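Trainee: My file is query_21.txt. It has compact mmCIF, C-alpha atoms and all ligand atoms:
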# COMPACT_ATOMS: atom_id res chain seq x y z
CA MET K 1485 159.16 240.97 -74.84
CA ILE K 1486 159.54 243.47 -72.01
CA ARG K 1487 156.16 244.69 -70.78
CA PRO K 1488 156.14 248.49 -70.45
CA LEU K 1489 155.31 249.25 -66.81
CA ALA K 1490 154.45 252.88 -66.36
CA ASN K 1491 151.55 253.19 -63.92
CA LEU K 1492 151.11 250.47 -61.33
CA LEU K 1493 148.17 249.86 -59.03
CA VAL K 1494 149.24 247.65 -56.12
CA THR K 1495 146.53 246.14 -53.90
CA GLY K 1496 147.42 245.28 -50.29
CA GLY K 1497 150.55 247.42 -50.44
CA ALA K 1498 150.46 248.18 -46.71
CA GLY K 1499 150.85 244.48 -45.86
CA PHE K 1500 154.02 242.50 -45.40
CA ILE K 1501 154.84 241.44 -48.98
CA GLY K 1502 153.08 244.28 -50.81
CA SER K 1503 155.02 246.90 -48.84
CA ALA K 1504 158.32 245.10 -49.53
CA PHE K 1505 157.45 245.13 -53.23
CA ILE K 1506 156.66 248.86 -53.16
CA ARG K 1507 159.83 249.75 -51.21
CA ARG K 1508 161.98 247.77 -53.65
CA VAL K 1509 160.36 248.96 -56.86
CA LEU K 1510 160.39 252.63 -55.84
CA ALA K 1511 164.05 252.34 -54.83
CA ALA K 1512 165.05 250.68 -58.12
CA GLN K 1513 162.83 252.68 -60.49
CA PRO K 1514 163.34 256.39 -59.77
CA ALA K 1515 160.73 257.52 -62.31
CA MET K 1516 157.97 255.25 -61.09
CA LYS K 1517 154.90 256.22 -59.08
CA ILE K 1518 152.70 253.56 -57.47
CA VAL K 1519 149.04 253.79 -56.49
CA ASP K 1520 148.48 251.60 -53.42
CA LEU K 1521 144.94 250.49 -52.56
CA ASP K 1522 144.65 248.95 -49.11
CA VAL K 1523 141.74 248.80 -46.68
CA LEU K 1524 144.14 248.60 -43.69
CA THR K 1525 142.95 245.51 -41.87
CA TYR K 1526 144.86 244.53 -38.71
CA ALA K 1527 147.64 243.33 -41.09
CA GLY K 1528 148.00 246.55 -43.07
CA ASN K 1529 150.38 249.09 -41.63
CA LEU K 1530 151.48 252.36 -43.19
CA ASP K 1531 154.55 252.37 -40.94
CA ASN K 1532 155.85 249.76 -43.40
CA LEU K 1533 156.06 252.52 -46.02
CA ALA K 1534 157.29 255.35 -43.82
CA ASP K 1535 160.57 255.56 -45.73
CA VAL K 1536 159.16 255.83 -49.26
CA ASP K 1537 158.75 259.15 -51.03
CA PRO K 1538 155.08 260.14 -50.50
CA ALA K 1539 155.05 261.91 -53.88
CA ARG K 1540 155.67 258.54 -55.55
CA HIS K 1541 153.40 256.48 -53.30
CA VAL K 1542 149.75 257.45 -53.73
CA PHE K 1543 147.98 255.73 -50.86
CA VAL K 1544 144.23 255.17 -51.07
CA ARG K 1545 142.39 253.52 -48.24
CA GLY K 1546 139.71 251.33 -49.76
CA ASP K 1547 138.38 247.85 -50.35
CA ILE K 1548 139.20 245.76 -53.40
CA ALA K 1549 135.53 244.76 -53.41
CA ASP K 1550 134.59 248.39 -54.22
CA GLY K 1551 134.39 248.16 -58.01
CA ALA K 1552 133.50 251.84 -58.53
CA LEU K 1553 136.56 252.96 -56.56
CA ILE K 1554 138.88 250.67 -58.53
CA GLU K 1555 137.43 251.87 -61.84
CA ARG K 1556 138.04 255.46 -60.80
CA LEU K 1557 141.63 254.76 -59.72
CA VAL K 1558 142.48 252.83 -62.88
CA ASP K 1559 141.07 255.56 -65.14
CA GLU K 1560 142.33 258.57 -63.18
CA HIS K 1561 145.90 257.25 -62.87
CA ARG K 1562 145.97 255.58 -66.32
CA ILE K 1563 146.91 252.29 -64.70
CA ASP K 1564 148.51 249.79 -67.10
CA THR K 1565 149.27 247.05 -64.55
CA ILE K 1566 147.55 245.79 -61.40
CA VAL K 1567 149.63 243.78 -58.92
CA HIS K 1568 147.19 242.04 -56.62
CA PHE K 1569 148.60 241.24 -53.15
CA ALA K 1570 145.54 242.14 -51.03
CA ALA K 1571 144.16 239.17 -49.15
CA GLU K 1572 143.27 237.72 -45.83
CA SER K 1573 146.44 235.70 -45.40
CA HIS K 1574 146.58 233.81 -42.10
CA VAL K 1575 145.59 230.11 -42.13
CA ASP K 1576 144.64 230.02 -38.43
CA ARG K 1577 142.29 232.98 -38.82
CA SER K 1578 140.68 231.25 -41.83
CA ILE K 1579 139.94 228.20 -39.67
CA HIS K 1580 138.14 230.33 -37.09
CA GLY K 1581 136.37 232.66 -39.54
CA PRO K 1582 136.39 231.68 -43.22
CA ALA K 1583 133.76 234.19 -44.40
CA GLU K 1584 136.16 237.16 -44.60
CA PHE K 1585 138.52 235.01 -46.67
CA ILE K 1586 135.81 234.30 -49.22
CA GLN K 1587 134.75 237.95 -49.22
CA THR K 1588 138.21 239.41 -49.86
CA ASN K 1589 140.15 236.65 -51.56
CA VAL K 1590 137.39 235.42 -53.86
CA LEU K 1591 134.80 238.16 -54.30
CA GLY K 1592 137.37 240.97 -54.03
CA THR K 1593 139.50 239.34 -56.73
CA MET K 1594 136.41 239.00 -58.94
CA ARG K 1595 135.68 242.74 -58.59
CA LEU K 1596 139.22 243.58 -59.69
CA LEU K 1597 138.97 241.19 -62.63
CA ASP K 1598 135.69 242.76 -63.68
CA VAL K 1599 137.36 246.18 -63.80
CA VAL K 1600 140.09 244.70 -66.01
CA ARG K 1601 137.48 242.95 -68.12
CA ALA K 1602 136.15 246.37 -69.11
CA ARG K 1603 139.75 247.60 -69.71
CA PRO K 1604 141.55 244.66 -71.36
CA SER K 1605 144.72 246.63 -72.03
CA VAL K 1606 145.47 246.50 -68.28
CA HIS K 1607 147.77 243.61 -67.25
CA PHE K 1608 146.75 241.78 -64.05
CA HIS K 1609 149.29 239.94 -61.88
CA HIS K 1610 147.80 237.70 -59.23
CA ILE K 1611 149.83 236.82 -56.13
CA SER K 1612 149.00 233.33 -54.95
CA THR K 1613 150.49 230.68 -52.72
CA ASP K 1614 151.93 227.17 -52.93
CA GLU K 1615 149.28 226.17 -50.36
CA VAL K 1616 146.76 225.73 -53.21
CA TYR K 1617 148.61 222.52 -54.15
CA GLY K 1618 147.93 220.86 -50.80
CA SER K 1619 150.47 218.77 -48.92
CA LEU K 1620 153.48 216.62 -49.88
CA PRO K 1621 154.81 213.57 -48.02
CA LEU K 1622 158.02 214.13 -46.03
CA GLY K 1623 161.13 213.91 -48.23
CA GLU K 1624 159.25 213.00 -51.42
CA GLY K 1625 158.24 215.11 -54.42
CA VAL K 1626 157.95 218.83 -55.16
CA PHE K 1627 155.23 221.12 -56.43
CA THR K 1628 155.39 222.27 -60.03
CA GLU K 1629 153.07 224.50 -62.05
CA ALA K 1630 151.38 221.26 -63.26
CA THR K 1631 150.58 219.95 -59.75
CA PRO K 1632 146.80 219.50 -59.34
CA TYR K 1633 145.07 221.77 -56.83
CA GLN K 1634 144.23 220.18 -53.46
CA PRO K 1635 143.74 223.04 -50.98
CA ASN K 1636 143.28 221.89 -47.39
CA SER K 1637 142.54 225.05 -45.37
CA PRO K 1638 139.83 227.67 -45.91
CA TYR K 1639 142.67 230.12 -46.70
CA ALA K 1640 144.16 227.81 -49.35
CA ALA K 1641 140.68 227.11 -50.79
CA SER K 1642 139.96 230.84 -51.08
CA LYS K 1643 143.30 231.43 -52.86
CA ALA K 1644 142.66 228.44 -55.14
CA ALA K 1645 139.24 229.83 -56.00
CA SER K 1646 140.77 233.21 -56.84
CA ASP K 1647 143.40 231.52 -59.05
CA HIS K 1648 140.61 229.80 -60.97
CA LEU K 1649 138.78 233.09 -61.43
CA VAL K 1650 141.93 234.71 -62.82
CA ARG K 1651 142.42 231.86 -65.29
CA ALA K 1652 138.76 231.76 -66.32
CA TRP K 1653 138.45 235.56 -66.77
CA ALA K 1654 141.63 235.56 -68.86
CA ARG K 1655 140.45 232.72 -71.10
CA THR K 1656 136.87 233.90 -71.45
CA TYR K 1657 137.41 237.64 -71.75
CA LYS K 1658 140.89 237.53 -73.34
CA LEU K 1659 142.66 239.37 -70.53
CA SER K 1660 146.40 239.68 -70.01
CA VAL K 1661 147.20 237.92 -66.71
CA THR K 1662 150.07 236.23 -64.89
CA THR K 1663 149.95 234.33 -61.59
CA SER K 1664 152.69 233.43 -59.12
CA HIS K 1665 152.60 230.85 -56.33
CA ALA K 1666 155.12 231.65 -53.63
CA SER K 1667 156.28 229.57 -50.71
CA ASN K 1668 156.36 230.84 -47.09
CA ASN K 1669 157.83 234.34 -46.92
CA TYR K 1670 159.91 235.80 -44.10
CA GLY K 1671 161.65 239.11 -43.50
CA PRO K 1672 161.10 242.46 -41.79
CA TYR K 1673 157.64 244.04 -41.24
CA GLN K 1674 155.77 240.72 -41.02
CA PHE K 1675 152.84 240.79 -38.59
CA PRO K 1676 153.78 238.79 -35.47
CA GLU K 1677 151.16 236.09 -35.93
CA LYS K 1678 153.09 234.15 -38.60
CA LEU K 1679 155.69 231.62 -37.43
CA ILE K 1680 158.98 233.53 -37.65
CA PRO K 1681 157.91 236.97 -36.34
CA LEU K 1682 155.74 235.31 -33.65
CA MET K 1683 158.77 233.37 -32.39
CA ILE K 1684 160.98 236.47 -32.47
CA ALA K 1685 158.37 238.60 -30.66
CA ASN K 1686 157.92 235.88 -28.01
CA CYS K 1687 161.70 235.53 -27.57
CA ILE K 1688 161.85 239.28 -26.98
CA GLU K 1689 159.10 239.05 -24.36
CA GLY K 1690 160.35 235.76 -22.84
CA LYS K 1691 157.03 234.08 -23.66
CA PRO K 1692 156.51 230.40 -24.66
CA LEU K 1693 157.35 229.52 -28.27
CA PRO K 1694 154.34 227.48 -29.47
CA VAL K 1695 155.18 224.73 -31.99
CA TYR K 1696 152.30 222.83 -33.60
CA GLY K 1697 152.16 219.03 -33.13
CA ASP K 1698 155.58 217.39 -33.19
CA GLY K 1699 157.20 220.23 -35.17
CA LYS K 1700 157.97 217.96 -38.15
CA ASN K 1701 155.92 219.96 -40.69
CA VAL K 1702 158.20 221.26 -43.42
CA ARG K 1703 158.01 224.65 -45.13
CA ASP K 1704 160.11 226.16 -47.93
CA TRP K 1705 161.23 229.63 -46.79
CA LEU K 1706 161.60 232.53 -49.21
CA HIS K 1707 162.96 235.95 -48.27
CA VAL K 1708 160.37 238.64 -48.98
CA ASP K 1709 162.86 240.69 -51.05
CA ASP K 1710 163.54 237.67 -53.24
CA HIS K 1711 159.78 237.31 -53.71
CA ALA K 1712 159.44 241.01 -54.61
CA ASP K 1713 162.22 240.63 -57.21
CA ALA K 1714 160.53 237.55 -58.69
CA VAL K 1715 157.25 239.44 -59.06
CA TRP K 1716 159.07 242.29 -60.80
CA GLU K 1717 160.67 239.83 -63.26
CA ILE K 1718 157.29 238.24 -63.99
CA LEU K 1719 155.66 241.64 -64.51
CA GLN K 1720 158.32 242.63 -66.98
CA ARG K 1721 158.87 239.42 -68.91
CA GLY K 1722 156.30 236.83 -67.84
CA ALA K 1723 154.20 235.60 -70.74
CA SER K 1724 150.51 236.38 -70.55
CA GLY K 1725 148.46 233.47 -69.24
CA GLU K 1726 151.48 231.87 -67.55
CA VAL K 1727 151.81 230.67 -63.98
CA TYR K 1728 155.14 230.73 -62.12
CA ASP K 1729 156.04 228.97 -58.87
CA VAL K 1730 158.43 230.98 -56.68
CA GLY K 1731 160.28 229.05 -53.97
CA GLY K 1732 163.22 229.60 -51.69
CA GLY K 1733 164.77 226.16 -52.35
CA ASN K 1734 165.08 226.06 -48.62
CA GLU K 1735 163.13 223.44 -46.68
CA TRP K 1736 163.04 223.45 -42.90
CA ALA K 1737 161.07 221.38 -40.43
CA ASN K 1738 159.33 223.83 -38.08
CA LEU K 1739 161.14 222.55 -34.99
CA ASP K 1740 164.58 222.76 -36.65
CA LEU K 1741 163.75 226.29 -37.76
CA VAL K 1742 162.71 227.32 -34.23
CA HIS K 1743 165.92 225.81 -32.83
CA CYS K 1744 167.96 227.77 -35.37
CA LEU K 1745 166.00 230.93 -34.55
CA CYS K 1746 166.57 230.46 -30.80
CA ASP K 1747 170.30 229.98 -31.36
CA GLN K 1748 170.55 233.05 -33.56
CA PHE K 1749 168.42 235.15 -31.21
CA ALA K 1750 170.62 234.14 -28.27
CA ALA K 1751 173.77 234.97 -30.29
CA ALA K 1752 172.34 238.39 -31.18
CA ARG K 1753 171.88 239.08 -27.47
CA GLY K 1754 175.06 237.36 -26.29
CA GLU K 1755 173.05 234.91 -24.18
CA PRO K 1756 172.96 231.09 -23.96
CA ALA K 1757 170.74 229.37 -26.56
CA SER K 1758 169.21 227.21 -23.81
CA LYS K 1759 167.43 230.31 -22.46
CA TYR K 1760 165.33 230.47 -25.64
CA ARG K 1761 165.21 226.77 -26.60
CA GLY K 1762 163.76 226.24 -23.13
CA LEU K 1763 160.74 228.38 -24.11
CA ILE K 1764 159.64 225.90 -26.83
CA THR K 1765 156.22 224.44 -26.04
CA PHE K 1766 154.41 221.86 -28.17
CA VAL K 1767 150.74 222.75 -28.72
CA THR K 1768 147.80 220.86 -30.26
CA ASP K 1769 148.27 220.59 -33.99
CA ARG K 1770 146.40 222.89 -36.38
CA PRO K 1771 143.38 221.08 -37.89
CA GLY K 1772 144.16 219.89 -41.43
CA HIS K 1773 147.80 220.95 -41.01
CA ASP K 1774 149.68 220.39 -44.29
CA LEU K 1775 152.75 218.25 -43.70
CA ARG K 1776 155.17 219.57 -46.29
CA TYR K 1777 155.48 222.21 -49.01
CA ALA K 1778 158.34 222.30 -51.52
CA ILE K 1779 158.64 224.12 -54.85
CA ALA K 1780 160.69 222.95 -57.83
CA GLY K 1781 161.19 226.47 -59.22
CA ASP K 1782 162.64 225.35 -62.58
CA LYS K 1783 160.24 227.31 -64.78
CA ILE K 1784 160.97 230.77 -63.42
CA ALA K 1785 164.71 229.97 -63.35
CA ASP K 1786 164.79 228.67 -66.93
CA GLN K 1787 162.41 231.17 -68.52
CA LEU K 1788 163.07 234.37 -66.55
CA GLY K 1789 166.47 233.70 -64.99
CA TRP K 1790 165.17 234.38 -61.47
CA ARG K 1791 166.66 232.47 -58.55
CA PRO K 1792 166.49 233.30 -54.83
CA LYS K 1793 169.56 235.23 -53.65
CA TYR K 1794 169.18 234.99 -49.89
CA ASP K 1795 170.93 232.38 -47.85
CA PHE K 1796 168.35 231.46 -45.18
CA GLU K 1797 170.51 231.65 -42.10
CA THR K 1798 171.84 235.09 -43.11
CA GLY K 1799 168.31 236.28 -43.95
CA LEU K 1800 166.95 234.95 -40.67
CA ARG K 1801 169.66 236.67 -38.65
CA ALA K 1802 168.99 239.97 -40.47
CA THR K 1803 165.28 239.53 -39.75
CA ILE K 1804 165.95 238.95 -36.04
CA ASP K 1805 168.19 242.03 -35.98
CA TRP K 1806 165.44 244.08 -37.65
CA TYR K 1807 162.83 243.10 -35.03
CA LEU K 1808 165.30 243.78 -32.22
CA ALA K 1809 166.00 247.23 -33.69
CA ASN K 1810 162.29 248.04 -34.12
CA PRO K 1811 160.50 247.45 -30.81
CA THR K 1812 158.16 250.38 -31.50
CA TRP K 1813 156.89 248.75 -34.68
CA ILE K 1814 156.07 245.53 -32.82
CA ALA K 1815 154.47 247.39 -29.92
CA ARG K 1816 152.31 249.48 -32.22
CA VAL K 1817 150.96 246.55 -34.25
CA LYS K 1818 150.43 244.44 -31.14
CA THR K 1819 148.87 246.97 -28.78
CA GLY K 1820 146.33 248.58 -31.03
CA ALA K 1821 148.04 251.99 -30.90
CA TYR K 1822 148.25 251.78 -34.64
CA ARG K 1823 144.51 251.07 -34.92
CA GLU K 1824 143.84 254.27 -33.00
CA TRP K 1825 146.07 256.17 -35.42
CA ILE K 1826 144.16 254.72 -38.40
CA THR K 1827 140.82 255.67 -36.89
CA LYS K 1828 142.05 259.21 -36.30
CA HIS K 1829 143.37 259.63 -39.85
CA TYR K 1830 141.01 257.53 -41.92
CA GLY K 1831 137.91 256.97 -39.78
CA ALA K 1832 136.86 253.62 -38.33
N1 LIG K 1901 152.98 235.58 -46.28
C1 LIG K 1901 153.32 234.53 -47.01
O1 LIG K 1901 154.16 233.72 -46.61
C2 LIG K 1901 152.71 234.34 -48.38
C3 LIG K 1901 153.20 233.30 -49.19
C4 LIG K 1901 152.67 233.15 -50.48
C5 LIG K 1901 151.68 233.99 -50.93
N2 LIG K 1901 151.21 234.97 -50.11
C6 LIG K 1901 150.18 235.88 -50.65
O2 LIG K 1901 150.79 237.15 -50.76
C7 LIG K 1901 149.82 238.18 -50.57
C8 LIG K 1901 150.26 239.13 -49.50
O3 LIG K 1901 150.50 238.38 -48.29
P1 LIG K 1901 151.04 239.11 -46.97
O4 LIG K 1901 151.72 238.10 -46.16
O5 LIG K 1901 151.72 240.37 -47.34
O6 LIG K 1901 149.66 239.45 -46.28
P2 LIG K 1901 149.32 240.53 -45.15
O7 LIG K 1901 148.20 239.91 -44.38
O8 LIG K 1901 150.56 240.96 -44.45
O9 LIG K 1901 148.80 241.80 -45.97
C9 LIG K 1901 147.56 241.79 -46.65
C10 LIG K 1901 147.23 243.24 -46.97
O10 LIG K 1901 146.00 243.25 -47.70
C11 LIG K 1901 145.17 244.26 -47.15
N3 LIG K 1901 143.77 243.89 -47.38
C12 LIG K 1901 143.10 242.84 -46.82
N4 LIG K 1901 141.83 242.83 -47.25
C13 LIG K 1901 141.70 243.86 -48.12
C14 LIG K 1901 140.63 244.36 -48.89
N5 LIG K 1901 139.42 243.78 -48.86
N6 LIG K 1901 140.83 245.45 -49.68
C15 LIG K 1901 142.05 246.06 -49.71
N7 LIG K 1901 143.11 245.64 -48.97
C16 LIG K 1901 142.93 244.55 -48.19
C17 LIG K 1901 145.53 244.31 -45.67
O11 LIG K 1901 145.15 245.54 -45.07
C18 LIG K 1901 147.03 244.11 -45.73
O12 LIG K 1901 147.70 245.33 -45.88
C19 LIG K 1901 148.51 237.46 -50.25
O13 LIG K 1901 147.75 237.38 -51.43
C20 LIG K 1901 148.95 236.07 -49.80
O14 LIG K 1901 147.96 235.11 -50.07
C21 LIG K 1901 151.70 235.17 -48.85
Let's see the structure in the file written out as structure tokens.

Mentor:
Amino acid sequence: MIRPLANLLVTGGAGFIGSAFIRRVLAAQPAMKIVDLDVLTYAGNLDNLADVDPARHVFVRGDIADGALIERLVDEHRIDTIVHFAAESHVDRSIHGPAEFIQTNVLGTMRLLDVVRARPSVHFHHISTDEVYGSLPLGEGVFTEATPYQPNSPYAASKAASDHLVRAWARTYKLSVTTSHASNNYGPYQFPEKLIPLMIANCIEGKPLPVYGDGKNVRDWLHVDDHADAVWEILQRGASGEVYDVGGGNEWANLDLVHCLCDQFAAARGEPASKYRGLITFVTDRPGHDLRYAIAGDKIADQLGWRPKYDFETGLRATIDWYLANPTWIARVKTGAYREWITKHYGA
């Protein structure tokens, strides 16, 4: 069964992954128009969508917790599918201030589900994370869709809670839903607080490259375009009520990754790798830091034929090249110039 996708509402489409999804879908589907609801937190940036046709990207600044606004958008644009990316997404921020994570990730998701509850013909796709499964030992085991939930950070707990709401609303109110759990994403337009863009931005500025603990924590890296393609496959052909894990099949210990990044950054600039490897600084470990994430990925491969296409080292080099070619983007998100622009155009 191919789900007819005519009118999409994307939440969080000005963020890193949501904007990649919109850019890719609009490029591949010339007849499609997307309504994008985003409140534009520090992580939301309309520069990410500067190249899309504004006639096919209807941007609405607003909060997913505003039920009346969502109802209006769904009815006015005859939305048949909601793709829910909007979230507070940074683990370190969740440790320092969990309340916003509960507000957006849990209560905001509930508001969206309540709109769908009153319109059960609308399909709801929920974007989640492998972090809900907790932590694996080094070199042993992988997450599957059957792995029990053991979230360890306030961020992971808030995403786990939202996953449970999606499941419960679907079962209780007979809604059409799908959920995906992705591993760590990388690629262009990622806010420079997450590991890879932070390291690239600091290499550019010659600043220390902070590595948590001993750098042995392992993550499975997924290119953001591969993730966007996986979501599109699930939207089209994912069975209602199903959950799909989406991984890159690409595990790296943080320190090995930073070494690789330093070497590639140096090569891009024609400089010695030691100049950048010498910036690595070990910092106190993150509290509750998960040791290892790894995704099996068999279900989405077997049932939907999706597999990641990117080779990590090629994707990383392209990501470095993108940041080097876009200093204005980094400067704007880091200096607050973009916040001033938002205030001017959309109010505080
Ligand atoms: N980045 C990753 O590696 C990763 C991995 C797996 C899953 N995810 C999930 O993917 C989704 C997108 O992640 P991302 O990295 O693009 O995040 P991001 O922080 O770059 O973007 C989040 C977007 O949501 C918007 N937003 C936040 N609160 C909102 C609200 N209350 N109402 C409307 N919009 C709001 C922000 O303005 C921003 O544009 C999240 O649900 C995240 O949990 C991320």

Trainee: Give the answer as one residue: which of K:Val1567, K:Val1599, K:Ala1815, K:Ala1512 has the shortest atom-to-atom distance to Ser1664 of chain K, using only C-alpha atoms?

Mentor: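 Checking each candidate against Ser1664 of chain K, we get K:Val1567 as the closest.
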
Trainee: Atom CA of Asp1531 of chain K and atom CA of Ser1667 of chain K are how many Å apart?

Mentor: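 Result for atom CA of Asp1531 of chain K versus atom CA of Ser1667 of chain K: 24.9 Å, one decimal.
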
Trainee: So that I can check the surroundings of Tyr1777 of chain K, please list as an NGL selection string every protein, DNA and RNA residue that reaches within 7 Å of it, counting only C-alpha atoms and ignoring chain neighbours fewer than 3 positions away.

Mentor: :K and (1619-1620 or 1702-1704)

Trainee: Give me a file of those residues, with C-alpha atoms, as a short mmCIF file (atom, residue, chain, number, x, y, z; two decimals), in the coordinates of the input.

Mentor:
data_model
loop_
_atom_site.label_atom_id
_atom_site.label_comp_id
_atom_site.auth_asym_id
_atom_site.auth_seq_id
_atom_site.Cartn_x
_atom_site.Cartn_y
_atom_site.Cartn_z
CA SER K 1619 150.47 218.77 -48.92
CA LEU K 1620 153.48 216.62 -49.88
CA VAL K 1702 158.20 221.26 -43.42
CA ARG K 1703 158.01 224.65 -45.13
CA ASP K 1704 160.11 226.16 -47.93
#

Trainee: Find the residues with any atom within 8 Å of (143.5, 229.3, -45.7); use all atoms listed in the file and the coordinates as given in the file, and write the answer as a list in words.

Mentor: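 Protein and nucleic acid residues near the point are Ser1573, His1574, Val1575, Asp1576, Arg1577, Ser1578, Ile1579, Pro1582, Phe1585, Asn1636, Ser1637, Pro1638, Tyr1639, Ala1640, Ala1641, Ser1642 and Lys1643 of chain K.
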
Trainee: If I take atom CA of Tyr1657 of chain K and atom CA of Thr1565 of chain K, how far is one from the other in Å, to one decimal?

Mentor: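 That distance, rounded to one decimal, is 16.8 Å.
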
Trainee: Report, in Å with one decimal, the straight-line distance from atom CA of Glu1560 of chain K to atom CA of Leu1596 of chain K.

Mentor: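 These two atoms are separated by 15.7 Å.
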
Trainee: Quick one: everything within 8 Å of Thr1662 of chain K, counting all atoms listed in the file, minus sequence neighbours fewer than 6 positions away in the same chain. Send it as a VMD selection string.

Mentor: chain K and resid 1608 to 1610 1718 to 1719 1722 to 1728

Trainee: Would you mind listing what lies within 8 Å of Arg1721 of chain K as a PyMOL selection string, with only C-alpha atoms counted and same-chain residues fewer than 6 positions away left out?

Mentor: chain K and resi 1485-1487+1788

Trainee: Name the residues in contact with Trp1790 of chain K at a cut-off of 8 Å, using only C-alpha atoms, excluding same-chain residues fewer than 6 positions from it; report them as a list in words.

Mentor: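 Near Trp1790 of chain K, the qualifying residues are Ala1714, Glu1717 and Ile1784 of chain K.
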